[in-house]
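> Sharing a structure with you now.
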Amino acid sequence: MAAVEIAEIREDCLQDIHENIPVIMEDIADTIPSLLLHDVGASVHELFSRDANIMMIAIVDEQQRPQGLVDRQFFFGLMAGRFGRALYTRRPVRLLIQQAPIIVPHDMLIADFMQNILSRDTNDLYRGFLITRDGRYIGAGSTLSLVRAARQQSEAAAQQAHKTTENLKKVISEISSNVDAVCQVSATIRDGSIALSGRTQAQARDIVEAAASVEEINTAVSDTAKNVERARDLVAEVNEDANSFKLVVTSTVEAISGIVSSYQEMVESLGVIQDISLQTRLLSFNAAVEAAHAGQEGKGFGVVADEIRSLAVRSSEAAKIIGNLVTESSVSMKRGVQLVEDVEGGLEKIASQVSAVDSLITRIHSTTRKQVDHIDDINRTISSINKVAGDNMAMTEDVNATCYDLDTKILSLDEFVKVYDREG
């Protein structure tokens, strides 16, 4: 705010100097009458007689280029001579010009003109000077004009200096009143920066811990992916073994079914044996009857018939026992076939479940790979955040250093303002 006010004060000063204080020669130009070179002295006399305030008359050519000045006192001095009126009334005014005039461009600084004129004969200044723009006459000046301009410049400069002093006092007062506020703002910024630095350090530590945790998760997920891959291979082997074992079970079922058929044939054969045994018993009975009818001659044949009958009875009993065993074995074989068929169905179900598990493991493997990719992205993001946190810490350190430097400069400014305030 103070810098803005100082700039405004400076701008006001320059504007006042430009608008109110004579600066260039055109500012002090007095419009005085002018005559051409071919005009006569009577015209000069008429102009001086008409207005007693006219002290000089400018003499110009046809293009309004200045040629010289006719001074009032000098002119009336000539006219007061013994033959002055008769000599100069009808003569051209160029004969009344004392010497080559001082010609000054309109945009020349008054200070530069005074510096130049003081290095010359000051008598030239007393006779006045002509002011031109683009080589053409626009007015004249004199010592009085310069004195008046100098006085105006001094007065304006004094007023401007007083105004500037007052404005500077206001600015200094404003600076003095704002120094404490700036100090408080600087302290607030510094405290906030220190707090931000602490939070940034804590955040950096958290980020490091989070990065370590994510790294552990990444390792665990990678191991899980490898284990899933191995489990997938094992499931494939189990599925292959189950299919092979299913073929074995199918062959076993077929073999057992063949054995059951053989047992059935054996049962039928045992039935034939029982029939043969029954027929043999009947035959032995008939033979014994015939032997009894034969008497003593058929006694030996009766013994043979008894033995045959006894053998037939034992064969029948053995055939019955074997039949029972075959029947029980047949039942057991059928039960075994049913169990093997159940095993086959279980194997098919296991194979189906193994396929489902393989599909599930495949999806788990795909998901695990995506998780690994996402964790890699998270690692990169955490690394970027960690870098930003480091940059923030560096920035807070720079802000702290800047705040301390600002405090030092504010104290210096405060001392400077107090010195000027005491002097004011």
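Naming scheme: A, B, ... for chains in displayed order of the structure tokens; residues 1 onward per chain; ligands 1 onward as shown.
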Do a neighbour search on A:Phe74 at 12 Å with only C-alpha atoms, toss out local chain neighbours closer than 6 positions, and write the hits as a ChimeraX atom specification.

/A:44-45,48,55-57,80-81,84,96-98,127

> Where does stretch 385-408 of chain A meet stretch 208-218 of chain A within 12 Å, residue by residue, with the nearest atom pair and distance in Å to one decimal for each, counting only C-alpha atoms, listed by chain and rising number, as a tab-separated table?


residue	atom	partner	partner_atom	distance
A:Ile385	CA	A:Val208	CA	10.1
A:Asn386	CA	A:Val208	CA	7.6
A:Lys387	CA	A:Val208	CA	11.0
A:Ala389	CA	A:Val208	CA	10.8
A:Gly390	CA	A:Val208	CA	11.6

> Quick one: residues within 9 Å of A:Gly271, only C-alpha atoms, excluding same-chain residues fewer than 4 positions away - as a PDB file with all heavy atoms, in the first residue's frame?


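Result file follows (out21.pdb):
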ATOM      1  N   MET A 266     -22.373-120.802 -13.018  1.00  0.00           N
ATOM      2  CA  MET A 266     -21.994-121.813 -12.038  1.00  0.00           C
ATOM      3  C   MET A 266     -23.215-122.287 -11.260  1.00  0.00           C
ATOM      4  O   MET A 266     -23.372-123.489 -10.967  1.00  0.00           O
ATOM      5  CB  MET A 266     -20.950-121.245 -11.084  1.00  0.00           C
ATOM      6  CG  MET A 266     -20.324-122.279 -10.140  1.00  0.00           C
ATOM      7  SD  MET A 266     -19.121-121.497  -9.045  1.00  0.00           S
ATOM      8  CE  MET A 266     -17.932-120.951 -10.234  1.00  0.00           C
ATOM      9  N   VAL A 267     -24.087-121.357 -10.926  1.00  0.00           N
ATOM     10  CA  VAL A 267     -25.325-121.738 -10.222  1.00  0.00           C
ATOM     11  C   VAL A 267     -26.162-122.688 -11.086  1.00  0.00           C
ATOM     12  O   VAL A 267     -26.716-123.700 -10.616  1.00  0.00           O
ATOM     13  CB  VAL A 267     -26.106-120.478  -9.837  1.00  0.00           C
ATOM     14  CG1 VAL A 267     -27.508-120.843  -9.337  1.00  0.00           C
ATOM     15  CG2 VAL A 267     -25.359-119.684  -8.780  1.00  0.00           C
ATOM     16  N   ASP A 275     -29.410-132.137  -9.983  1.00  0.00           N
ATOM     17  CA  ASP A 275     -30.329-133.044 -10.728  1.00  0.00           C
ATOM     18  C   ASP A 275     -29.671-134.415 -10.954  1.00  0.00           C
ATOM     19  O   ASP A 275     -30.307-135.480 -10.802  1.00  0.00           O
ATOM     20  CB  ASP A 275     -30.710-132.434 -12.073  1.00  0.00           C
ATOM     21  CG  ASP A 275     -31.616-131.225 -11.883  1.00  0.00           C
ATOM     22  OD1 ASP A 275     -32.250-131.103 -10.800  1.00  0.00           O
ATOM     23  OD2 ASP A 275     -31.679-130.364 -12.810  1.00  0.00           O
ATOM     24  N   ILE A 276     -28.361-134.348 -11.309  1.00  0.00           N
ATOM     25  CA  ILE A 276     -27.643-135.600 -11.541  1.00  0.00           C
ATOM     26  C   ILE A 276     -27.579-136.425 -10.236  1.00  0.00           C
ATOM     27  O   ILE A 276     -27.761-137.659 -10.203  1.00  0.00           O
ATOM     28  CB  ILE A 276     -26.240-135.311 -12.093  1.00  0.00           C
ATOM     29  CG1 ILE A 276     -26.330-134.713 -13.514  1.00  0.00           C
ATOM     30  CG2 ILE A 276     -25.366-136.575 -12.096  1.00  0.00           C
ATOM     31  CD1 ILE A 276     -25.013-134.232 -14.067  1.00  0.00           C
ATOM     32  N   ALA A 319     -23.263-129.823  -3.421  1.00  0.00           N
ATOM     33  CA  ALA A 319     -23.796-128.910  -4.443  1.00  0.00           C
ATOM     34  C   ALA A 319     -24.700-127.853  -3.818  1.00  0.00           C
ATOM     35  O   ALA A 319     -24.711-126.693  -4.211  1.00  0.00           O
ATOM     36  CB  ALA A 319     -24.555-129.714  -5.499  1.00  0.00           C
ATOM     37  N   LYS A 320     -25.458-128.288  -2.792  1.00  0.00           N
ATOM     38  CA  LYS A 320     -26.319-127.302  -2.109  1.00  0.00           C
ATOM     39  C   LYS A 320     -25.484-126.247  -1.395  1.00  0.00           C
ATOM     40  O   LYS A 320     -25.790-125.063  -1.442  1.00  0.00           O
ATOM     41  CB  LYS A 320     -27.226-128.035  -1.105  1.00  0.00           C
ATOM     42  CG  LYS A 320     -28.258-127.148  -0.455  1.00  0.00           C
ATOM     43  CD  LYS A 320     -29.109-127.951   0.531  1.00  0.00           C
ATOM     44  CE  LYS A 320     -29.950-128.979  -0.203  1.00  0.00           C
ATOM     45  NZ  LYS A 320     -30.879-129.714   0.740  1.00  0.00           N
ATOM     46  N   GLY A 323     -23.979-124.086  -3.884  1.00  0.00           N
ATOM     47  CA  GLY A 323     -25.034-123.204  -4.412  1.00  0.00           C
ATOM     48  C   GLY A 323     -25.303-122.036  -3.483  1.00  0.00           C
ATOM     49  O   GLY A 323     -25.492-120.901  -3.909  1.00  0.00           O
TER      50      GLY A 323
END

> Can you tell me, as a list in words, what residues are no more than 8 Å from A:Val235 when counting only C-alpha atoms, ignoring any on the same chain fewer than 5 positions away?

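Residues meeting the cut-off are Val354, Val357 and Asp358 of chain A.
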
> Could you write out that same residue set with N, CA and C atoms as a PDB file, in the first residue's frame?


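This went into out_23.pdb:
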ATOM      1  N   VAL A 354     -13.751 -80.997  -9.396  1.00  0.00           N
ATOM      2  CA  VAL A 354     -12.368 -80.599  -9.700  1.00  0.00           C
ATOM      3  C   VAL A 354     -12.350 -79.588 -10.847  1.00  0.00           C
ATOM      4  N   VAL A 357     -13.428 -76.417  -9.387  1.00  0.00           N
ATOM      5  CA  VAL A 357     -12.323 -75.842  -8.605  1.00  0.00           C
ATOM      6  C   VAL A 357     -11.257 -75.256  -9.534  1.00  0.00           C
ATOM      7  N   ASP A 358     -10.973 -75.961 -10.644  1.00  0.00           N
ATOM      8  CA  ASP A 358      -9.993 -75.463 -11.608  1.00  0.00           C
ATOM      9  C   ASP A 358     -10.439 -74.128 -12.198  1.00  0.00           C
TER      10      ASP A 358
END

> Residues near A:Gln64, anyone? I mean within 12 Å using only C-alpha atoms, not counting same-chain ones fewer than 6 positions away, as a ChimeraX atom specification.

/A:34-37,58,130-139

> Just the residues within 9 Å of A:Asp27, please, counting only C-alpha atoms, with nothing from its chain fewer than 4 positions along; format it as a short mmCIF file (atom, residue, chain, number, x, y, z; two decimals) with C-alpha atoms, in the first residue's frame.


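As written to disk, selection_2.cif reads:
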data_model
loop_
_atom_site.label_atom_id
_atom_site.label_comp_id
_atom_site.auth_asym_id
_atom_site.auth_seq_id
_atom_site.Cartn_x
_atom_site.Cartn_y
_atom_site.Cartn_z
CA ILE A 21 4.92 25.22 -13.61
CA PRO A 22 6.66 26.75 -16.66
CA VAL A 23 9.05 24.12 -17.96
CA HIS A 106 9.75 26.43 -28.21
CA ILE A 110 13.96 26.93 -19.38
CA ALA A 149 9.15 31.61 -14.41
#

> Residues within 7 Å of stretch 178-192 of chain A, please, as a PyMOL selection string. Count only C-alpha atoms; anything in the same chain fewer than 2 positions from it doesn't count.

chain A and resi 174-176+194-196+400+403+407+410+414

> Quick one: distance from atom CA of A:Ala161 to atom CA of A:Asp107 in Å, one decimal?

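Those two atoms sit 25.5 Å apart.
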